[in-house]
Amino acid sequence: MPKQALAAAVAAFQTANSGVTVSINTVDHTTFQNNISSYLAATPEDVITWFSGYRMRAFVDQGLFTAIDDIWAGPIGSLYTDAVKTACTANDSKKYMVPFDTYAWTVYYVPSLWTKNGYTVPTTLDELKTLAAKMQKDGIVPIGLGDKDGWPAMGHFDIIDLRENGYQFHVDLMAGKKKWTDPGVVQVFNVWKGLLPFYQSGAAGRLWQDAAAGLVAKTTGMMLQPQVVQTFQAAGAANLADLDFFPWPHHGTQWDAEEALDAPIDGFMLTANSSTLAADSAAAKALLAFLGQGSTQGLYAKLSTDLIAVANNADQSSYTPLQKKQVTTLAAAKKLTQFMDRDTNPGFSGANGMQGFLIDFLSNPNQDMTAFLKKIQSFWDSLGA
């Protein structure tokens, strides 16, 4: 989390609770993730930030976090949608996270380019394909993708699976309750294969930021990706003002009504092994309840404009137009997933797992799909997850 924005939220808490002092221990994102298991098993701080979804539930199952249903029973309980509440609930049906910020995986585009060329926002998969074909004729790359870091393609798989098979199938697949050889998964890759002729070539050798630069330059028509706002901010106010997005279109299945999308939620959790928690429990829970308020999250979102607060009573007066649109888009979603990297075993989603498998598919979509999916399932089975 951006230090300045988090410091503002903590300062507000200390002002409201003059007898409490909060110490912030900041660690870089990658180091924190790589050492989280040993950190939680030792003597962590009372409260830490972490991800919802599978990654939350996995550590809860190991007894490394403390349930906070009593906090949810208070005022914050009415501030979140059912989809958010589900994301903060573990396998024991108890809640362990106070959600804090989020963002939606949506399709970004540059309105001035679309207006000039007569493009309209597609609402169905067929309309998306027709639009993409027109873009190609106009000399524009229809769908941008930079997958050098391995994770962007995961969001593409997620949304196609959600539209083709629905939320429950997707989360069951991520949890190993469904097989990667299932006909539903075959359908996902077949649909994706039909879209790949419209994709930017060479995705495996390109960073997502470089792909997003194509949007700024108006050489790329659209891009399914979060965080694109950062690239447009860096390109200047005029470019940022010429940016919009739409949710991935419907596929004509029964699952379209879910309006599901990836919306990773970051939040705060109460650890189980803190050496000071017994003495600090009341203060730690007061901090969590404070962080769960929309007024607190609004302070953070004001300084991090690619994110939005999760609480429904956050002050949106300082939100940018794109932040306000994210609010309405997420409110319309009846189901939210946390993104493959967070919804499944980290060992499965990593460079030797789905990151590599999806790069393989993008590079060779005409390979034997039966053998390809058996390879993925065998890898999952090898993890003993």
# chains A, B, ... in the order shown; residues from 1 in each chain; ligands from 1

call {"tool": "closest_atom_pairs", "arguments": {"of": "range 339-380 of chain A", "to": "range 157-169 of chain A", "cutoff": "10 Å", "atoms": "only C-alpha atoms", "output": "CSV"}}
result
residue,atom,partner,partner_atom,distance
A:Phe339,CA,A:Asp158,CA,7.0
A:Met340,CA,A:Asp158,CA,6.8
A:Leu358,CA,A:Phe157,CA,8.6

call {"tool": "closest_atom_pairs", "arguments": {"of": "range 200-303 of chain A", "to": "range 119-141 of chain A", "cutoff": "9 Å", "atoms": "only C-alpha atoms", "output": "tab-separated table"}}
result
residue	atom	partner	partner_atom	distance
A:Gln200	CA	A:Val141	CA	6.1
A:Gly214	CA	A:Val141	CA	8.6
A:Lys218	CA	A:Ile140	CA	7.9
A:Thr219	CA	A:Ile140	CA	5.3
A:Thr220	CA	A:Val141	CA	4.6
A:Gly221	CA	A:Val141	CA	6.0
A:Met222	CA	A:Val141	CA	8.2
A:Phe246	CA	A:Val121	CA	7.4
A:Pro247	CA	A:Thr123	CA	8.6
A:Trp248	CA	A:Thr123	CA	7.8
A:Pro249	CA	A:Thr123	CA	4.6
A:His250	CA	A:Thr124	CA	4.6
A:His251	CA	A:Leu125	CA	5.2
A:Gly252	CA	A:Thr124	CA	7.2

call {"tool": "write_last_selection", "arguments": {"atoms": "C-alpha atoms", "output": "compact mmCIF listing (two decimals), in the first residue's frame"}}
result
# COMPACT_ATOMS: atom_id res chain seq x y z
CA GLN A 200 -1.39 -8.13 -29.68
CA GLY A 214 -0.22 1.42 -27.00
CA LYS A 218 -3.89 5.09 -29.90
CA THR A 219 -2.26 2.20 -31.74
CA THR A 220 -4.16 -0.28 -29.54
CA GLY A 221 -7.94 -0.26 -29.33
CA MET A 222 -8.68 -1.83 -25.94
CA PHE A 246 -16.40 -1.09 -19.77
CA PRO A 247 -16.98 -4.51 -18.17
CA TRP A 248 -16.14 -7.57 -20.24
CA PRO A 249 -19.21 -8.29 -22.43
CA HIS A 250 -21.75 -11.07 -22.05
CA HIS A 251 -21.25 -14.45 -23.73
CA GLY A 252 -24.91 -15.39 -24.12

call {"tool": "residues_around", "arguments": {"residues": "Ala41 in chain A", "least_positions_apart": "2", "cutoff": "7 Å", "atoms": "only C-alpha atoms", "output": "compact mmCIF listing (two decimals) with C-alpha atoms, in the first residue's frame"}}
result
# COMPACT_ATOMS: atom_id res chain seq x y z
CA SER A 37 4.37 -17.95 6.01
CA SER A 38 7.37 -17.77 8.34
CA TYR A 39 6.37 -14.28 9.47
CA THR A 43 5.62 -13.28 16.20
CA LEU A 64 -2.50 -18.01 11.75
CA ASN A 273 0.64 -15.28 17.12

call {"tool": "residues_around", "arguments": {"residues": "Phe232 in chain A", "least_positions_apart": "3", "cutoff": "10 Å", "atoms": "only C-alpha atoms", "output": "list in words"}}
result
Ala212, Ala213, Leu215, Val216, Gln227, Val228, Val229, Ala235, Gly236, Ala237, Ala238, Asn239, Leu240, Ala241, Asp242 and Leu243 of chain A

call {"tool": "write_last_selection", "arguments": {"atoms": "C-alpha atoms", "output": "compact mmCIF listing (two decimals), in the first residue's frame"}}
result
# COMPACT_ATOMS: atom_id res chain seq x y z
CA ALA A 212 -0.80 0.08 -22.02
CA ALA A 213 1.44 2.59 -23.78
CA LEU A 215 -3.52 2.68 -25.63
CA VAL A 216 -1.99 6.07 -24.92
CA GLN A 227 -3.98 -0.20 -13.08
CA VAL A 228 -3.96 1.35 -16.56
CA VAL A 229 -4.74 4.67 -14.85
CA ALA A 235 1.34 10.54 -19.81
CA GLY A 236 -0.34 13.73 -18.60
CA ALA A 237 -3.71 15.15 -17.60
CA ALA A 238 -5.05 15.34 -21.16
CA ASN A 239 -4.41 11.64 -21.72
CA LEU A 240 -5.93 10.70 -18.36
CA ALA A 241 -9.07 12.66 -19.23
CA ASP A 242 -9.32 10.63 -22.45
CA LEU A 243 -9.65 7.23 -20.78

call {"tool": "residues_around", "arguments": {"residues": "range 295-304 of chain A", "least_positions_apart": "2", "cutoff": "10 Å", "atoms": "only C-alpha atoms", "output": "count of residues only"}}
result
37

call {"tool": "closest_residue", "arguments": {"among": "A:Leu336, A:Thr253, A:Asn312, A:Pro183", "to": "Leu79 in chain A", "atoms": "only C-alpha atoms"}}
result
A:Asn312

call {"tool": "select_by_dssp", "arguments": {"residues": "range 255-290 of chain A", "states": "strand (DSSP E)", "output": "tab-separated table (two decimals) with C-alpha atoms, in the first residue's frame"}}
result
chain	number	residue	atom	x	y	z
A	261	LEU	CA	-15.61	-9.92	-12.51
A	262	ASP	CA	-12.20	-10.00	-10.88
A	265	ILE	CA	-9.68	-6.82	-2.31
A	266	ASP	CA	-6.87	-5.79	-0.01
A	267	GLY	CA	-7.67	-5.52	3.66
A	268	PHE	CA	-6.48	-5.83	7.24
A	269	MET	CA	-6.45	-8.90	9.47
A	270	LEU	CA	-5.81	-9.75	13.10
A	271	THR	CA	-2.93	-12.18	13.50

call {"tool": "select_by_dssp", "arguments": {"residues": "range 261-343 of chain A", "states": "alpha helix (DSSP H)", "output": "number ranges by chain"}}
result
A: 277-291, 294-303, 321-332, 340-343

call {"tool": "write_last_selection", "arguments": {"atoms": "C-alpha atoms", "output": "PDB file, in the first residue's frame"}}
result
ATOM      1  CA  LEU A 277      -2.048  -9.125  21.026  1.00  0.00           C
ATOM      2  CA  ALA A 278      -3.360 -10.106  24.482  1.00  0.00           C
ATOM      3  CA  ALA A 279      -2.555  -6.642  25.796  1.00  0.00           C
ATOM      4  CA  ASP A 280      -3.395  -4.797  22.588  1.00  0.00           C
ATOM      5  CA  SER A 281      -6.530  -6.677  21.555  1.00  0.00           C
ATOM      6  CA  ALA A 282      -8.977  -3.858  22.241  1.00  0.00           C
ATOM      7  CA  ALA A 283      -6.820  -1.276  20.479  1.00  0.00           C
ATOM      8  CA  ALA A 284      -6.140  -3.597  17.552  1.00  0.00           C
ATOM      9  CA  LYS A 285      -9.845  -4.250  17.057  1.00  0.00           C
ATOM     10  CA  ALA A 286     -10.588  -0.545  17.365  1.00  0.00           C
ATOM     11  CA  LEU A 287      -8.060   0.081  14.583  1.00  0.00           C
ATOM     12  CA  LEU A 288      -9.663  -2.575  12.381  1.00  0.00           C
ATOM     13  CA  ALA A 289     -13.126  -1.117  12.943  1.00  0.00           C
ATOM     14  CA  PHE A 290     -11.772   2.335  12.077  1.00  0.00           C
ATOM     15  CA  LEU A 291     -10.144   1.040   8.888  1.00  0.00           C
ATOM     16  CA  GLY A 294     -15.793   4.578   4.519  1.00  0.00           C
ATOM     17  CA  SER A 295     -14.424   7.864   5.863  1.00  0.00           C
ATOM     18  CA  THR A 296     -11.049   6.230   6.538  1.00  0.00           C
ATOM     19  CA  GLN A 297     -10.907   4.439   3.206  1.00  0.00           C
ATOM     20  CA  GLY A 298     -11.812   7.669   1.441  1.00  0.00           C
ATOM     21  CA  LEU A 299      -8.645   9.283   2.772  1.00  0.00           C
ATOM     22  CA  TYR A 300      -6.641   6.477   1.207  1.00  0.00           C
ATOM     23  CA  ALA A 301      -8.452   6.440  -2.134  1.00  0.00           C
ATOM     24  CA  LYS A 302      -7.995  10.188  -2.496  1.00  0.00           C
ATOM     25  CA  LEU A 303      -4.234   9.623  -2.653  1.00  0.00           C
ATOM     26  CA  PRO A 321     -14.755  10.010 -12.909  1.00  0.00           C
ATOM     27  CA  LEU A 322     -13.038   6.648 -13.371  1.00  0.00           C
ATOM     28  CA  GLN A 323     -13.163   5.927  -9.638  1.00  0.00           C
ATOM     29  CA  LYS A 324     -16.876   6.769  -9.578  1.00  0.00           C
ATOM     30  CA  LYS A 325     -17.478   4.446 -12.513  1.00  0.00           C
ATOM     31  CA  GLN A 326     -15.626   1.648 -10.744  1.00  0.00           C
ATOM     32  CA  VAL A 327     -17.996   2.068  -7.807  1.00  0.00           C
ATOM     33  CA  THR A 328     -21.079   1.582  -9.989  1.00  0.00           C
ATOM     34  CA  THR A 329     -19.475  -1.282 -11.916  1.00  0.00           C
ATOM     35  CA  LEU A 330     -18.598  -3.188  -8.748  1.00  0.00           C
ATOM     36  CA  ALA A 331     -22.008  -2.494  -7.236  1.00  0.00           C
ATOM     37  CA  ALA A 332     -23.619  -4.150 -10.265  1.00  0.00           C
ATOM     38  CA  MET A 340      -6.332 -16.291 -10.138  1.00  0.00           C
ATOM     39  CA  ASP A 341      -3.128 -15.375  -8.326  1.00  0.00           C
ATOM     40  CA  ARG A 342      -5.167 -14.911  -5.135  1.00  0.00           C
ATOM     41  CA  ASP A 343      -7.933 -17.469  -5.650  1.00  0.00           C
TER      42      ASP A 343
END

call {"tool": "atom_distance", "arguments": {"atom1": "CA of Asp244 in chain A", "atom2": "CA of Thr231 in chain A"}}
result
13.2 Å

call {"tool": "closest_residue", "arguments": {"among": "A:Ala87, A:Ile143, A:Ile359, A:Ala351", "to": "Ala204 in chain A", "atoms": "only C-alpha atoms"}}
result
A:Ile359

call {"tool": "atom_distance", "arguments": {"atom1": "CA of Gln33 in chain A", "atom2": "CA of Phe51 in chain A"}}
result
10.1 Å

call {"tool": "closest_atom_pairs", "arguments": {"of": "range 67-137 of chain A", "to": "range 56-61 of chain A", "cutoff": "8 Å", "atoms": "only C-alpha atoms", "output": "JSON lines"}}
result
{"residue": "A:Cys88", "atom": "CA", "partner": "A:Met56", "partner_atom": "CA", "distance": 8.0}
{"residue": "A:Thr89", "atom": "CA", "partner": "A:Arg57", "partner_atom": "CA", "distance": 7.8}
{"residue": "A:Ala90", "atom": "CA", "partner": "A:Arg57", "partner_atom": "CA", "distance": 5.0}
{"residue": "A:Asn91", "atom": "CA", "partner": "A:Arg57", "partner_atom": "CA", "distance": 6.5}
{"residue": "A:Tyr96", "atom": "CA", "partner": "A:Val60", "partner_atom": "CA", "distance": 7.9}

call {"tool": "atom_distance", "arguments": {"atom1": "CA of Asp149 in chain A", "atom2": "CA of Gly205 in chain A"}}
result
8.9 Å

call {"tool": "closest_residue", "arguments": {"among": "A:Ala333, A:Pro197, A:Lys179, A:Thr305", "to": "Phe379 in chain A", "atoms": "only C-alpha atoms"}}
result
A:Lys179

call {"tool": "closest_residue", "arguments": {"among": "A:Asp82, A:Asp360, A:Glu259, A:Asp210", "to": "Gly150 in chain A", "atoms": "only C-alpha atoms"}}
result
A:Asp360

call {"tool": "closest_residue", "arguments": {"among": "A:Lys178, A:Ala272, A:Ala211, A:Trp151", "to": "Ser349 in chain A", "atoms": "only C-alpha atoms"}}
result
A:Trp151
